[in-house]
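What follows is a single structure, written as structure tokens, with notes after it.
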Amino acid sequence: MGFADMAAQQIAIMGDVPTPPPIAFPGEEVHLRSMLTRDPLADLTTYRADTILWTRLLSLAYDVDPFFAATLHGFRCCGTRIVRRADGRGWRMWWGGAPVDGGWQSEADYEAAKAKWLVSNGEVLIGLLARLDG
């Protein structure tokens, strides 16, 4: 089970129950934010081209919903890239084009996970991607 699956499973378990305020020792909330808003693949040369975009997207998502940021973090861990849309206006997420150890093995694998974990937040994600240029 990948990180995105685990994060989404936690969300599914909680259902419509309101999220309680974080219970944490001083500094833990800051540590969680730091962990979830940093590009987990920044140190790999193959992924450096979109590291700044991922760092910004994860930070914006965390401000909206930390669970959604965790899901996006998991998608990045699986090799998801942020690329320009074909029309040159805006950004989109892309599976990466090649299998990744512990990540996407095919575009179909990515599309299945996207349908399961991202489509329900599609409008939020589109809005966040639109803010990457600003």
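Ordered as shown in the structure tokens, chains take letters A, B, and onward, while each chain numbers its residues from 1 and ligands are numbered from 1 in the order shown.
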- Test item: residues at most 10 Å from Leu128 in chain A, only C-alpha atoms, excluding those fewer than 2 positions along its chain, as an MDAnalysis selection string: chainID A and resid 56:61 64 91 122:126 130:133
Requested write-out: N, CA and C atoms of the selected residues, as an mmCIF file, in the first residue's frame:
```cif
data_model
loop_
_atom_site.group_PDB
_atom_site.id
_atom_site.type_symbol
_atom_site.label_atom_id
_atom_site.label_comp_id
_atom_site.auth_asym_id
_atom_site.auth_seq_id
_atom_site.Cartn_x
_atom_site.Cartn_y
_atom_site.Cartn_z
ATOM 1 N N ARG A 56 5.570 24.348 -4.038
ATOM 2 C CA ARG A 56 4.489 25.343 -3.972
ATOM 3 C C ARG A 56 3.116 24.668 -3.913
ATOM 4 N N LEU A 57 2.894 23.661 -4.777
ATOM 5 C CA LEU A 57 1.606 22.959 -4.790
ATOM 6 C C LEU A 57 1.320 22.309 -3.439
ATOM 7 N N LEU A 58 2.302 21.650 -2.868
ATOM 8 C CA LEU A 58 2.104 20.978 -1.581
ATOM 9 C C LEU A 58 1.815 21.991 -0.471
ATOM 10 N N SER A 59 2.489 23.119 -0.505
ATOM 11 C CA SER A 59 2.254 24.164 0.495
ATOM 12 C C SER A 59 0.844 24.736 0.361
ATOM 13 N N LEU A 60 0.431 25.031 -0.862
ATOM 14 C CA LEU A 60 -0.922 25.539 -1.096
ATOM 15 C C LEU A 60 -1.967 24.514 -0.655
ATOM 16 N N ALA A 61 -1.740 23.254 -0.989
ATOM 17 C CA ALA A 61 -2.687 22.191 -0.623
ATOM 18 C C ALA A 61 -2.763 22.016 0.890
ATOM 19 N N VAL A 64 -5.104 24.348 2.450
ATOM 20 C CA VAL A 64 -6.508 24.021 2.198
ATOM 21 C C VAL A 64 -6.940 22.820 3.036
ATOM 22 N N TRP A 91 -0.936 24.379 -15.755
ATOM 23 C CA TRP A 91 -0.205 23.166 -15.410
ATOM 24 C C TRP A 91 -1.152 21.992 -15.269
ATOM 25 N N GLY A 122 -11.126 17.328 -7.599
ATOM 26 C CA GLY A 122 -10.684 17.857 -8.876
ATOM 27 C C GLY A 122 -10.724 19.373 -8.981
ATOM 28 N N GLU A 123 -11.811 19.981 -8.525
ATOM 29 C CA GLU A 123 -11.915 21.441 -8.619
ATOM 30 C C GLU A 123 -10.872 22.126 -7.742
ATOM 31 N N VAL A 124 -10.636 21.562 -6.565
ATOM 32 C CA VAL A 124 -9.619 22.120 -5.669
ATOM 33 C C VAL A 124 -8.249 22.008 -6.328
ATOM 34 N N LEU A 125 -7.950 20.834 -6.883
ATOM 35 C CA LEU A 125 -6.652 20.619 -7.524
ATOM 36 C C LEU A 125 -6.461 21.549 -8.717
ATOM 37 N N ILE A 126 -7.482 21.708 -9.539
ATOM 38 C CA ILE A 126 -7.389 22.614 -10.690
ATOM 39 C C ILE A 126 -7.104 24.041 -10.212
ATOM 40 N N ALA A 130 -3.693 26.207 -10.923
ATOM 41 C CA ALA A 130 -3.795 27.524 -11.552
ATOM 42 C C ALA A 130 -3.003 28.573 -10.777
ATOM 43 N N ARG A 131 -2.851 28.363 -9.480
ATOM 44 C CA ARG A 131 -2.128 29.329 -8.650
ATOM 45 C C ARG A 131 -0.608 29.172 -8.738
ATOM 46 N N LEU A 132 -0.115 28.155 -9.418
ATOM 47 C CA LEU A 132 1.333 27.961 -9.504
ATOM 48 C C LEU A 132 2.039 29.055 -10.297
ATOM 49 N N ASP A 133 1.355 29.706 -11.189
ATOM 50 C CA ASP A 133 1.963 30.780 -11.958
ATOM 51 C C ASP A 133 1.986 32.102 -11.198
#
```
- Query: Contacts of Arg92 in chain A at 8 Å or less, counting only C-alpha atoms, minus same-chain residues fewer than 4 places along, as a count of residues only?
  - Reply: 5
- Item | Secondary structure check, helix (DSSP H, G or I) residues of range 23-122 of chain A, as a ChimeraX atom specification | /A:28-36,45-64,66-77,107-117,119-122
- Task: For CA of His73 in chain A and CA of Leu53 in chain A, quote the distance in Å rounded to one decimal.
- Result: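 Calculated distance between CA of His73 in chain A and CA of Leu53 in chain A is 12.4 Å.
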- Message: Calculated over only C-alpha atoms, which of the candidates A:Met93, A:Gly79, A:Ala86, A:Thr71 has the smallest distance to Leu44 in chain A?
- Response: A:Gly79
- Message: Let me make sure I understand: among A:Leu41, A:Leu118, A:Leu36, A:Ala49, which one has the smallest atom-to-atom distance to Cys78 in chain A if we use only C-alpha atoms?
- Response: A:Leu41
- Message: At a cut-off of 12 Å, using only C-alpha atoms, what residues contact Pro99 in chain A? Leave out same-chain residues fewer than 2 positions from it and give the result as a list in words.
- Response: Cys78, Gly79, Thr80, Trp95, Gly96, Gly97, Asp101, Gly102, Gly103, Trp104, Gln105, Ser106, Glu107, Ala108, Asp109 and Tyr110 of chain A
- Query: CA of Val100 in chain A and CA of Thr46 in chain A, how far apart in Å?
  - Reply: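 Atom-to-atom, CA of Thr46 in chain A and CA of Val100 in chain A are spaced 11.2 Å apart.
The space between CA of Pro66 in chain A and CA of Gly127 in chain A spans 16.1 Å.
Comparing A:Asp65, A:Ala70, A:Asp50, A:Trp94 by their smallest distance to Thr37 in chain A, the closest is A:Ala70 (using only C-alpha atoms).
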- Where in range 26-109 of chain A does DSSP assign strand (DSSP E or B), given as number ranges by chain? A: 81-84, 91-94
- Using only C-alpha atoms: which of A:Tyr62, A:Glu111, A:Lys116, A:Arg76 has the shortest distance to Leu32 in chain A: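 Under the stated criterion, the closest residue is A:Tyr62.
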